[in-house]
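**Student:** Contents of model02.cif (mmCIF, C-alpha atoms) are given next:
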```cif
data_model
loop_
_atom_site.group_PDB
_atom_site.id
_atom_site.type_symbol
_atom_site.label_atom_id
_atom_site.label_comp_id
_atom_site.auth_asym_id
_atom_site.auth_seq_id
_atom_site.Cartn_x
_atom_site.Cartn_y
_atom_site.Cartn_z
ATOM 1 C CA GLY A 20 -7.830 34.498 -150.058
ATOM 2 C CA ARG A 21 -9.663 31.519 -148.733
ATOM 3 C CA PRO A 22 -7.513 28.766 -147.291
ATOM 4 C CA PRO A 23 -7.192 25.689 -149.416
ATOM 5 C CA SER A 24 -9.558 22.858 -148.664
ATOM 6 C CA PRO A 25 -7.926 20.026 -146.620
ATOM 7 C CA ALA A 26 -9.428 17.493 -148.971
ATOM 8 C CA ARG A 27 -7.258 18.778 -151.772
ATOM 9 C CA ASN A 28 -4.085 17.883 -149.813
ATOM 10 C CA MET A 29 -5.204 14.348 -148.864
ATOM 11 C CA PRO A 30 -3.342 11.595 -150.676
ATOM 12 C CA LYS A 31 -5.354 9.525 -152.975
ATOM 13 C CA THR A 32 -6.342 6.096 -151.610
ATOM 14 C CA VAL A 33 -4.495 3.266 -153.286
ATOM 15 C CA ASN A 34 -6.100 -0.165 -153.405
ATOM 16 C CA MET A 35 -3.379 -2.682 -152.303
ATOM 17 C CA PRO A 36 -3.743 -6.332 -153.105
ATOM 18 C CA PRO A 37 -4.080 -8.671 -150.010
ATOM 19 C CA PRO A 38 -0.770 -10.140 -148.720
ATOM 20 C CA ASP A 39 0.222 -13.546 -149.913
ATOM 21 C CA PRO A 40 -0.413 -15.991 -147.003
ATOM 22 C CA LYS A 41 2.589 -18.092 -147.990
ATOM 23 C CA LEU A 42 4.830 -15.018 -147.862
ATOM 24 C CA VAL A 43 3.488 -14.091 -144.412
ATOM 25 C CA ASP A 44 4.126 -17.596 -143.068
ATOM 26 C CA LYS A 45 7.631 -17.477 -144.456
ATOM 27 C CA LEU A 46 8.394 -14.078 -142.873
ATOM 28 C CA TYR A 47 7.060 -14.945 -139.403
ATOM 29 C CA ALA A 48 7.987 -18.588 -139.211
ATOM 30 C CA PRO A 49 10.564 -19.395 -136.409
ATOM 31 C CA LYS A 50 14.059 -19.549 -137.732
ATOM 32 C CA LYS A 51 15.578 -23.002 -137.682
ATOM 33 C CA LYS A 52 18.889 -23.298 -135.905
ATOM 34 C CA LYS A 53 21.676 -24.596 -137.969
ATOM 35 C CA GLU A 54 22.490 -28.149 -136.993
ATOM 36 C CA GLU A 55 25.749 -28.112 -135.069
ATOM 37 C CA LYS A 56 28.134 -30.808 -136.095
ATOM 38 C CA LEU A 57 30.590 -31.892 -133.400
ATOM 39 C CA THR A 58 34.022 -33.179 -134.099
ATOM 40 C CA PRO A 59 35.010 -36.387 -132.287
ATOM 41 C CA ARG A 60 37.225 -34.333 -129.980
ATOM 42 C CA GLN A 61 34.374 -31.933 -129.084
ATOM 43 C CA PHE A 62 32.023 -34.862 -128.501
ATOM 44 C CA GLY A 63 34.585 -36.505 -126.246
ATOM 45 C CA ARG A 64 35.014 -33.322 -124.240
ATOM 46 C CA ARG A 65 31.275 -33.022 -123.674
ATOM 47 C CA ILE A 66 31.059 -36.632 -122.509
ATOM 48 C CA ALA A 67 34.006 -36.027 -120.152
ATOM 49 C CA VAL A 68 32.318 -32.932 -118.676
ATOM 50 C CA CYS A 69 29.083 -34.882 -118.129
ATOM 51 C CA CYS A 70 30.942 -37.737 -116.436
ATOM 52 C CA ALA A 71 32.916 -35.338 -114.231
ATOM 53 C CA THR A 72 29.693 -33.605 -113.181
ATOM 54 C CA ILE A 73 28.092 -36.928 -112.258
ATOM 55 C CA VAL A 74 31.160 -37.988 -110.243
ATOM 56 C CA LEU A 75 31.216 -34.631 -108.412
ATOM 57 C CA CYS A 76 27.533 -34.951 -107.529
ATOM 58 C CA LEU A 77 28.080 -38.476 -106.222
ATOM 59 C CA GLN A 78 31.043 -37.322 -104.105
ATOM 60 C CA LEU A 79 29.012 -34.455 -102.633
ATOM 61 C CA TYR A 80 26.169 -36.845 -101.872
ATOM 62 C CA ARG A 81 28.619 -39.223 -100.221
ATOM 63 C CA VAL A 82 29.987 -36.419 -98.022
ATOM 64 C CA TYR A 83 26.424 -35.434 -97.130
ATOM 65 C CA LEU A 84 25.588 -39.003 -96.084
ATOM 66 C CA LYS A 85 28.712 -39.271 -93.940
ATOM 67 C CA LYS A 86 28.065 -35.980 -92.164
ATOM 68 C CA ASN A 87 24.415 -36.827 -91.597
ATOM 69 C CA ARG A 88 24.875 -40.462 -90.623
ATOM 70 C CA PRO A 89 22.794 -41.059 -87.489
ATOM 71 C CA GLU A 90 24.886 -41.264 -84.350
ATOM 72 C CA THR A 91 24.869 -44.577 -82.485
ATOM 73 C CA PHE A 92 25.908 -43.611 -79.002
ATOM 74 C CA PRO A 93 26.259 -46.495 -76.580
ATOM 75 C CA GLY A 94 23.506 -47.563 -74.283
ATOM 76 C CA ASP A 95 23.993 -48.837 -70.750
ATOM 77 C CA ASP A 96 25.401 -52.117 -72.068
ATOM 78 C CA MET A 97 27.839 -50.318 -74.378
ATOM 79 C CA GLY A 98 26.688 -52.429 -77.324
ATOM 80 C CA MET A 99 27.823 -51.501 -80.808
ATOM 81 C CA SER A 100 25.489 -51.202 -83.805
ATOM 82 C CA PRO A 101 25.706 -54.207 -86.140
ATOM 83 C CA LEU A 102 26.071 -53.570 -89.861
ATOM 84 C CA ASP A 103 26.674 -55.673 -92.973
ATOM 85 C CA GLY A 104 25.009 -58.805 -91.722
ATOM 86 C CA GLY A 105 26.708 -58.744 -88.327
ATOM 87 C CA ASP A 106 30.287 -58.836 -89.601
ATOM 88 C CA THR A 107 30.789 -55.123 -88.929
ATOM 89 C CA LEU A 108 30.159 -53.168 -85.732
ATOM 90 C CA GLU A 109 30.423 -49.420 -85.353
ATOM 91 C CA GLN A 110 29.931 -46.747 -82.741
ATOM 92 C CA ARG A 111 29.999 -42.966 -83.008
ATOM 93 C CA VAL A 112 31.458 -41.006 -80.083
ATOM 94 C CA LYS A 113 31.829 -37.314 -79.405
ATOM 95 C CA CYS A 114 35.260 -36.042 -80.466
ATOM 96 C CA ALA A 115 37.563 -34.794 -77.735
ATOM 97 C CA LYS A 116 39.258 -31.441 -78.230
ATOM 98 C CA ARG A 117 42.464 -31.450 -80.267
ATOM 99 C CA SER A 118 45.426 -29.237 -79.413
ATOM 100 C CA HIS A 119 46.447 -29.010 -83.067
ATOM 101 C CA ASP A 120 44.824 -27.426 -86.106
ATOM 102 C CA GLN A 121 42.328 -29.334 -88.200
ATOM 103 C CA ILE A 122 43.781 -30.451 -91.523
ATOM 104 C CA PRO A 123 41.246 -30.448 -94.386
ATOM 105 C CA ASN A 124 40.546 -33.873 -95.859
ATOM 106 C CA CYS A 125 42.640 -35.511 -93.142
ATOM 107 C CA SER A 126 41.491 -34.633 -89.621
ATOM 108 C CA PRO A 127 38.295 -36.437 -88.583
ATOM 109 C CA THR A 128 35.025 -34.556 -88.986
ATOM 110 C CA PHE A 129 33.445 -37.094 -86.643
ATOM 111 C CA CYS A 130 34.890 -39.643 -84.236
ATOM 112 C CA GLY A 131 34.160 -43.271 -83.677
ATOM 113 C CA ARG A 132 35.284 -46.871 -83.417
ATOM 114 C CA VAL A 133 34.683 -49.750 -85.799
ATOM 115 C CA ALA A 134 35.262 -53.514 -85.657
ATOM 116 C CA ARG A 135 35.144 -55.731 -88.754
ATOM 117 C CA ASP A 136 35.497 -59.481 -88.832
ATOM 118 C CA TYR A 137 37.218 -61.375 -91.653
ATOM 119 C CA PHE A 138 39.239 -58.367 -92.803
ATOM 120 C CA THR A 139 42.221 -60.643 -93.417
ATOM 121 C CA SER A 140 42.276 -64.338 -94.239
ATOM 122 C CA ARG A 141 43.700 -67.082 -92.014
ATOM 123 C CA GLU A 142 46.516 -67.484 -94.527
ATOM 124 C CA GLN A 143 47.439 -63.792 -94.143
ATOM 125 C CA CYS A 144 47.250 -64.051 -90.346
ATOM 126 C CA GLN A 145 49.547 -67.064 -90.376
ATOM 127 C CA SER A 146 51.984 -65.371 -92.737
ATOM 128 C CA LEU A 147 52.262 -62.353 -90.419
ATOM 129 C CA ILE A 148 52.751 -64.561 -87.348
ATOM 130 C CA GLU A 149 55.522 -66.411 -89.171
ATOM 131 C CA LEU A 150 57.097 -63.061 -90.062
ATOM 132 C CA ALA A 151 57.002 -62.011 -86.400
ATOM 133 C CA GLU A 152 58.428 -65.300 -85.149
ATOM 134 C CA TYR A 153 61.216 -65.231 -87.739
ATOM 135 C CA ALA A 154 62.312 -61.822 -86.463
ATOM 136 C CA MET A 155 61.646 -62.421 -82.769
ATOM 137 C CA LYS A 156 64.051 -65.365 -82.662
ATOM 138 C CA PHE A 157 66.749 -62.664 -82.524
ATOM 139 C CA GLY A 158 65.239 -61.160 -79.384
ATOM 140 C CA GLY A 159 62.279 -61.556 -77.056
ATOM 141 C CA GLY A 160 61.136 -59.449 -74.145
ATOM 142 C CA SER A 161 61.865 -60.540 -70.591
ATOM 143 C CA GLY A 162 58.340 -59.652 -69.503
ATOM 144 C CA GLY A 163 55.018 -60.498 -71.078
ATOM 145 C CA ALA A 164 55.401 -58.375 -74.210
ATOM 146 C CA THR A 165 57.687 -58.588 -77.231
ATOM 147 C CA ILE A 166 57.470 -55.775 -79.791
ATOM 148 C CA LEU A 167 58.781 -55.687 -83.372
ATOM 149 C CA ASP A 168 58.591 -52.292 -85.101
ATOM 150 C CA PHE A 169 59.040 -52.755 -88.846
ATOM 151 C CA PRO A 170 60.031 -49.244 -90.039
ATOM 152 C CA SER A 171 62.863 -48.875 -87.488
ATOM 153 C CA GLY A 172 63.675 -52.537 -86.897
ATOM 154 C CA ALA A 173 63.445 -52.030 -83.126
ATOM 155 C CA LEU A 174 62.970 -55.404 -81.401
ATOM 156 C CA SER A 175 62.443 -56.230 -77.735
ATOM 157 C CA LYS A 176 65.301 -58.191 -76.194
ATOM 158 C CA GLY A 177 65.330 -58.644 -72.448
ATOM 159 C CA SER A 178 64.448 -55.304 -70.927
ATOM 160 C CA GLN A 179 65.766 -53.254 -73.863
ATOM 161 C CA PHE A 180 65.427 -52.837 -77.630
ATOM 162 C CA ILE A 181 67.951 -53.917 -80.236
ATOM 163 C CA SER A 182 68.309 -53.140 -83.948
ATOM 164 C CA LEU A 183 66.949 -56.148 -85.799
ATOM 165 C CA TYR A 184 68.087 -54.970 -89.221
ATOM 166 C CA GLN A 185 71.645 -54.364 -88.055
ATOM 167 C CA LEU A 186 71.759 -57.828 -86.513
ATOM 168 C CA MET A 187 70.301 -59.474 -89.614
ATOM 169 C CA LYS A 188 72.804 -57.647 -91.800
ATOM 170 C CA GLN A 189 75.647 -59.060 -89.729
ATOM 171 C CA ASN A 190 74.180 -62.549 -90.146
ATOM 172 C CA GLU A 191 73.450 -61.940 -93.855
ATOM 173 C CA GLU A 192 69.760 -62.673 -93.361
ATOM 174 C CA GLN A 193 66.587 -60.968 -94.586
ATOM 175 C CA LEU A 194 62.951 -61.038 -93.586
ATOM 176 C CA PRO A 195 60.835 -63.425 -95.702
ATOM 177 C CA ALA A 196 59.901 -61.406 -98.793
ATOM 178 C CA GLU A 197 56.492 -63.040 -99.195
ATOM 179 C CA SER A 198 55.433 -62.235 -95.639
ATOM 180 C CA VAL A 199 56.721 -58.660 -95.948
ATOM 181 C CA SER A 200 54.587 -58.310 -99.088
ATOM 182 C CA VAL A 201 51.533 -59.514 -97.142
ATOM 183 C CA LEU A 202 52.253 -56.904 -94.448
ATOM 184 C CA LYS A 203 52.453 -54.092 -97.013
ATOM 185 C CA ASN A 204 49.287 -55.196 -98.807
ATOM 186 C CA VAL A 205 47.333 -55.433 -95.559
ATOM 187 C CA THR A 206 48.553 -51.985 -94.509
ATOM 188 C CA HIS A 207 47.427 -50.538 -97.839
ATOM 189 C CA GLU A 208 43.952 -52.051 -97.417
ATOM 190 C CA VAL A 209 43.687 -50.709 -93.854
ATOM 191 C CA ARG A 210 44.557 -47.206 -95.044
ATOM 192 C CA LYS A 211 41.921 -47.377 -97.772
ATOM 193 C CA THR A 212 39.292 -48.665 -95.333
ATOM 194 C CA ILE A 213 39.906 -45.871 -92.807
ATOM 195 C CA ALA A 214 40.044 -43.202 -95.523
ATOM 196 C CA ASP A 215 36.729 -44.384 -96.972
ATOM 197 C CA TYR A 216 34.951 -44.664 -93.632
ATOM 198 C CA PHE A 217 35.966 -41.245 -92.293
ATOM 199 C CA GLY A 218 35.793 -39.555 -95.710
ATOM 200 C CA VAL A 219 39.432 -38.460 -95.727
ATOM 201 C CA SER A 220 42.037 -39.074 -98.408
ATOM 202 C CA GLN A 221 45.135 -37.266 -97.152
ATOM 203 C CA ILE A 222 45.995 -39.436 -94.138
ATOM 204 C CA MET A 223 49.658 -40.463 -93.933
ATOM 205 C CA SER A 224 51.310 -43.522 -92.464
ATOM 206 C CA THR A 225 53.262 -42.952 -89.275
ATOM 207 C CA THR A 226 55.354 -44.845 -86.747
ATOM 208 C CA PRO A 227 55.425 -47.071 -84.866
ATOM 209 C CA ARG A 228 53.995 -49.932 -86.926
ATOM 210 C CA PHE A 229 54.518 -53.118 -85.036
ATOM 211 C CA ILE A 230 53.498 -56.666 -84.269
ATOM 212 C CA SER A 231 53.135 -57.438 -80.579
ATOM 213 C CA ARG A 232 53.414 -60.871 -79.013
ATOM 214 C CA MET A 233 51.980 -61.077 -75.514
ATOM 215 C CA ASP A 234 52.019 -63.977 -73.082
ATOM 216 C CA GLU A 235 51.463 -64.702 -69.389
ATOM 217 C CA LYS A 236 55.006 -63.940 -68.200
ATOM 218 C CA PRO A 237 55.044 -61.336 -65.402
ATOM 219 C CA ALA A 238 56.143 -57.821 -66.291
ATOM 220 C CA GLN A 239 59.800 -56.983 -65.688
ATOM 221 C CA THR A 240 59.759 -53.310 -66.731
ATOM 222 C CA MET A 241 57.120 -50.610 -67.157
ATOM 223 C CA HIS A 242 57.167 -51.326 -70.934
ATOM 224 C CA ASP A 243 55.774 -54.802 -70.204
ATOM 225 C CA GLU A 244 52.703 -53.387 -68.462
ATOM 226 C CA TYR A 245 50.541 -53.213 -71.570
ATOM 227 C CA TRP A 246 47.225 -53.512 -69.686
ATOM 228 C CA HIS A 247 46.940 -49.908 -68.464
ATOM 229 C CA GLU A 248 44.263 -47.603 -69.859
ATOM 230 C CA HIS A 249 45.716 -45.061 -72.269
ATOM 231 C CA VAL A 250 45.078 -42.665 -75.160
ATOM 232 C CA ASP A 251 47.092 -43.296 -78.306
ATOM 233 C CA ALA A 252 47.455 -39.622 -79.249
ATOM 234 C CA ASP A 253 48.973 -38.950 -75.818
ATOM 235 C CA GLN A 254 51.295 -41.941 -75.978
ATOM 236 C CA TYR A 255 52.295 -41.273 -79.605
ATOM 237 C CA PRO A 256 51.866 -37.575 -80.480
ATOM 238 C CA GLY A 257 50.737 -37.246 -84.071
ATOM 239 C CA PHE A 258 48.459 -40.288 -84.094
ATOM 240 C CA GLU A 259 45.098 -39.413 -85.662
ATOM 241 C CA TYR A 260 43.747 -42.875 -86.498
ATOM 242 C CA THR A 261 44.709 -46.223 -84.966
ATOM 243 C CA ALA A 262 44.098 -49.678 -86.420
ATOM 244 C CA LEU A 263 44.584 -53.133 -84.904
ATOM 245 C CA ILE A 264 44.455 -56.468 -86.690
ATOM 246 C CA TYR A 265 44.290 -59.584 -84.554
ATOM 247 C CA LEU A 266 46.285 -62.489 -85.910
ATOM 248 C CA ASN A 267 45.045 -65.396 -83.769
ATOM 249 C CA ASP A 268 42.003 -66.420 -81.741
ATOM 250 C CA GLN A 269 41.093 -65.679 -78.148
ATOM 251 C CA GLY A 270 39.009 -68.064 -76.083
ATOM 252 C CA ALA A 271 39.030 -71.086 -73.807
ATOM 253 C CA ASP A 272 39.395 -73.509 -76.707
ATOM 254 C CA ALA A 273 41.533 -71.193 -78.854
ATOM 255 C CA ASP A 274 45.129 -69.908 -78.918
ATOM 256 C CA TYR A 275 45.062 -67.900 -75.687
ATOM 257 C CA THR A 276 42.869 -66.742 -72.838
ATOM 258 C CA GLY A 277 42.650 -63.213 -71.514
ATOM 259 C CA GLY A 278 43.946 -60.524 -73.855
ATOM 260 C CA GLU A 279 40.563 -58.975 -74.681
ATOM 261 C CA PHE A 280 40.397 -55.368 -75.885
ATOM 262 C CA SER A 281 38.215 -52.809 -74.084
ATOM 263 C CA PHE A 282 37.091 -49.235 -74.696
ATOM 264 C CA VAL A 283 36.415 -47.305 -71.487
ATOM 265 C CA ASP A 284 33.959 -44.387 -71.464
ATOM 266 C CA PRO A 285 32.848 -42.098 -68.638
ATOM 267 C CA GLY A 286 29.481 -42.812 -67.097
ATOM 268 C CA PRO A 287 26.369 -40.846 -68.069
ATOM 269 C CA GLU A 288 26.646 -38.852 -64.847
ATOM 270 C CA LYS A 289 29.715 -36.980 -63.658
ATOM 271 C CA GLY A 290 31.643 -39.189 -61.270
ATOM 272 C CA GLY A 291 29.416 -42.150 -62.140
ATOM 273 C CA GLU A 292 30.519 -45.653 -62.991
ATOM 274 C CA GLU A 293 32.533 -46.029 -66.180
ATOM 275 C CA ARG A 294 31.065 -47.919 -69.101
ATOM 276 C CA VAL A 295 33.223 -50.599 -70.678
ATOM 277 C CA MET A 296 32.827 -52.211 -74.074
ATOM 278 C CA THR A 297 34.941 -55.326 -74.610
ATOM 279 C CA LEU A 298 35.825 -56.960 -77.933
ATOM 280 C CA GLN A 299 36.998 -60.532 -78.357
ATOM 281 C CA PRO A 300 40.048 -60.797 -80.630
ATOM 282 C CA LYS A 301 40.147 -63.382 -83.383
ATOM 283 C CA CYS A 302 42.165 -63.920 -86.534
ATOM 284 C CA GLY A 303 41.306 -61.358 -89.211
ATOM 285 C CA LYS A 304 39.356 -58.938 -86.994
ATOM 286 C CA LEU A 305 40.125 -55.291 -87.757
ATOM 287 C CA VAL A 306 39.465 -52.637 -85.117
ATOM 288 C CA PHE A 307 40.055 -48.990 -85.992
ATOM 289 C CA PHE A 308 39.236 -45.747 -84.215
ATOM 290 C CA THR A 309 40.147 -42.086 -83.870
ATOM 291 C CA SER A 310 43.200 -41.769 -81.634
ATOM 292 C CA GLY A 311 42.060 -38.950 -79.328
ATOM 293 C CA SER A 312 40.885 -39.158 -75.740
ATOM 294 C CA GLU A 313 37.379 -40.014 -76.916
ATOM 295 C CA ASN A 314 38.749 -43.560 -77.274
ATOM 296 C CA VAL A 315 40.421 -44.510 -74.007
ATOM 297 C CA HIS A 316 41.221 -48.228 -74.164
ATOM 298 C CA HIS A 317 43.368 -51.035 -72.824
ATOM 299 C CA VAL A 318 44.307 -54.675 -73.370
ATOM 300 C CA HIS A 319 43.495 -57.244 -70.697
ATOM 301 C CA LYS A 320 46.302 -59.374 -69.313
ATOM 302 C CA VAL A 321 46.988 -62.562 -71.231
ATOM 303 C CA GLU A 322 46.353 -65.501 -68.910
ATOM 304 C CA HIS A 323 47.616 -68.365 -71.027
ATOM 305 C CA GLY A 324 49.107 -68.809 -74.509
ATOM 306 C CA ARG A 325 50.366 -66.176 -76.959
ATOM 307 C CA ARG A 326 48.435 -63.250 -78.398
ATOM 308 C CA TYR A 327 49.551 -61.690 -81.717
ATOM 309 C CA ALA A 328 48.344 -58.350 -83.081
ATOM 310 C CA LEU A 329 49.432 -55.856 -85.734
ATOM 311 C CA THR A 330 49.186 -52.133 -84.943
ATOM 312 C CA ILE A 331 49.027 -49.562 -87.765
ATOM 313 C CA ALA A 332 48.574 -45.810 -87.340
ATOM 314 C CA PHE A 333 48.000 -42.750 -89.515
ATOM 315 C CA THR A 334 48.698 -39.063 -89.010
ATOM 316 C CA CYS A 335 47.869 -35.644 -90.436
ATOM 317 C CA ASP A 336 51.184 -34.185 -89.275
ATOM 318 C CA LYS A 337 53.546 -33.921 -92.236
ATOM 319 C CA SER A 338 56.572 -33.970 -89.926
ATOM 320 C CA LYS A 339 55.552 -37.396 -88.603
ATOM 321 C CA GLU A 340 54.841 -38.987 -91.967
ATOM 322 C CA LEU A 341 56.416 -42.405 -92.464
ATOM 323 C CA LYS A 342 58.551 -42.677 -95.582
ATOM 324 C CA GLY A 343 60.480 -45.533 -97.072
ATOM 325 C CA ASP A 344 59.732 -49.202 -97.662
ATOM 326 C CA TYR A 345 56.893 -49.448 -95.137
ATOM 327 C CA ALA A 346 55.115 -46.161 -96.010
#
```
Any chance you could put this one into structure tokens?

**Tutor:**
Amino acid sequence: GRPPSPARNMPKTVNMPPPDPKLVDKLYAPKKKKEEKLTPRQFGRRIAVCCATIVLCLQLYRVYLKKNRPETFPGDDMGMSPLDGGDTLEQRVKCAKRSHDQIPNCSPTFCGRVARDYFTSREQCQSLIELAEYAMKFGGGSGGATILDFPSGALSKGSQFISLYQLMKQNEEQLPAESVSVLKNVTHEVRKTIADYFGVSQIMSTTPRFISRMDEKPAQTMHDEYWHEHVDADQYPGFEYTALIYLNDQGADADYTGGEFSFVDPGPEKGGEERVMTLQPKCGKLVFFTSGSENVHHVHKVEHGRRYALTIAFTCDKSKELKGDYA
């Protein structure tokens, strides 16, 4: 037997009609996504997510700007850099070493000093002076300084301190409510200003918080010698940021002479002459700075008249947090 011919096993060719172009287009056309309908709640959630993302980006950009702000180290004349049309002065300084741990969102990531004019109005200055004078009528230091600490009620009298609140309770008197409200509002604004400038939100109020009245009387005790150079964090452990608000004007034709405020920095060369930057106090001027040894400072002796200033401080130490009415 001869093998069968391959041609016999080949399938017969079938003539197929050409494909319908419309059918081909339909088969290969991209599938349309079903239109998603959002409920009002889903739409609201998406808007909230978008807004939160925008806010987060802005916050990160703000942190970036703060960390990359150009440093303005002092020149030979110790001048500060003017900002905001001359009403604000600022200066960056190298942070001194801290003996305590850094607290996130509280401890400074950079150090500096800032002065701002017109932080408080003349009416607020006068209200705070009246508050101080109302309380200081119960005491008064024997030397050139009288101190009134509001959280504790400690008040200079002679060469010692007395309890103002205990004395007022015995006399059935209270501090003027309106002036106390001004003090609390000003303190709140100072906290916000420092938190915004240094990019920290967890700073806590601490003690002391006091108004000082200084005059030309000679010192009677070491507590009256306010003019010595010092570091706030050494004098008051726990201080991280210090703020001062001047309540009246310094100058020959003003409320007092002397009483200027100076920062003292080491010279550019080891053992060289110190560099001093002096600020003139006036009603409403706010000065704030990091409290470490990068900001050694002192007050000049008052030569004539009375100098009033409010001191406010903030800490990162939970054990030194101020609580109560003046927090």

**Student:** To one decimal place, how far is atom CA of Glu248 of chain A from atom CA of Gly286 of chain A in Å?

**Tutor:** 15.8 Å

**Student:** Could you name the residues that touch Leu150 of chain A at 10 Å or less, counting all atoms listed in the file, but leaving out those on the same chain fewer than 6 positions away, as a PyMOL selection string?

**Tutor:** chain A and resi 144+194-199+201-202+230

**Student:** Please tell me which residues are no farther than 6 Å from (49.4, -58.8, -81.9) in the file, counting only C-alpha atoms, and write them as a list in words.

**Tutor:**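 The residues near that point, listed by chain and number, are Ile230, Ser231, Arg232, Tyr265, Arg326, Tyr327, Ala328 and Leu329 of chain A.
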
**Student:** For the residues selected in the previous step, produce a file with C-alpha atoms as a compact mmCIF listing (two decimals), in the frame of the given file.

**Tutor:**
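See selection.txt below for the written result:
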```
# COMPACT_ATOMS: atom_id res chain seq x y z
CA ILE A 230 53.50 -56.67 -84.27
CA SER A 231 53.14 -57.44 -80.58
CA ARG A 232 53.41 -60.87 -79.01
CA TYR A 265 44.29 -59.58 -84.55
CA ARG A 326 48.44 -63.25 -78.40
CA TYR A 327 49.55 -61.69 -81.72
CA ALA A 328 48.34 -58.35 -83.08
CA LEU A 329 49.43 -55.86 -85.73
```

**Student:** Any idea what's packed within 10 Å of Gly162 of chain A, counting only C-alpha atoms, ignoring anything in its chain fewer than 5 positions away? Could you give it as a list in words?

**Tutor:** Ser175, Lys176, Gly177, Ser178, Met233, Asp234, Glu235, Lys236, Pro237, Ala238, Gln239, Thr240, Met241, His242, Asp243 and Glu244 of chain A

**Student:** Mind giving me the straight-line distance from atom CA of Ile166 of chain A to atom CA of Asp284 of chain A in Å, one decimal?

**Tutor:**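 Atom-to-atom, atom CA of Ile166 of chain A to atom CA of Asp284 of chain A, that is 27.4 Å.
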
**Student:** Skipping near chain neighbours, those fewer than 6 positions away, what residues fall within 10 Å of segment 277-280 of chain A using all atoms listed in the file, listed as number ranges by chain?

**Tutor:** A: 233-235, 246, 269-271, 296-301, 306, 316-327

**Student:** For Lys342 of chain A, which residue out of A:Asn267, A:Tyr255, A:Thr309, A:Thr226 is the nearest one, using only C-alpha atoms?

**Tutor:**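 Of the candidates, the smallest distance to Lys342 of chain A is held by A:Thr226.
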
**Student:** In Å to one decimal, how far is atom CA of Phe333 of chain A from atom CA of Phe129 of chain A?

**Tutor:**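 Pair atom CA of Phe129 of chain A / atom CA of Phe333 of chain A returns 15.9 Å.
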
**Student:** Measuring atom to atom with only C-alpha atoms, identify which of A:Gln193, A:Gln254, A:Ser220, A:Thr107 is nearest to Phe138 of chain A.

**Tutor:**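 Result for the nearest residue to Phe138 of chain A: A:Thr107.
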
**Student:** Fewer than 5 positions away in the same chain doesn't count, so skip those; otherwise give me all residues within 9 Å of Cys335 of chain A, counting only C-alpha atoms, as a ChimeraX atom specification.

**Tutor:** /A:121-122,125-126,221-224,257-259,340
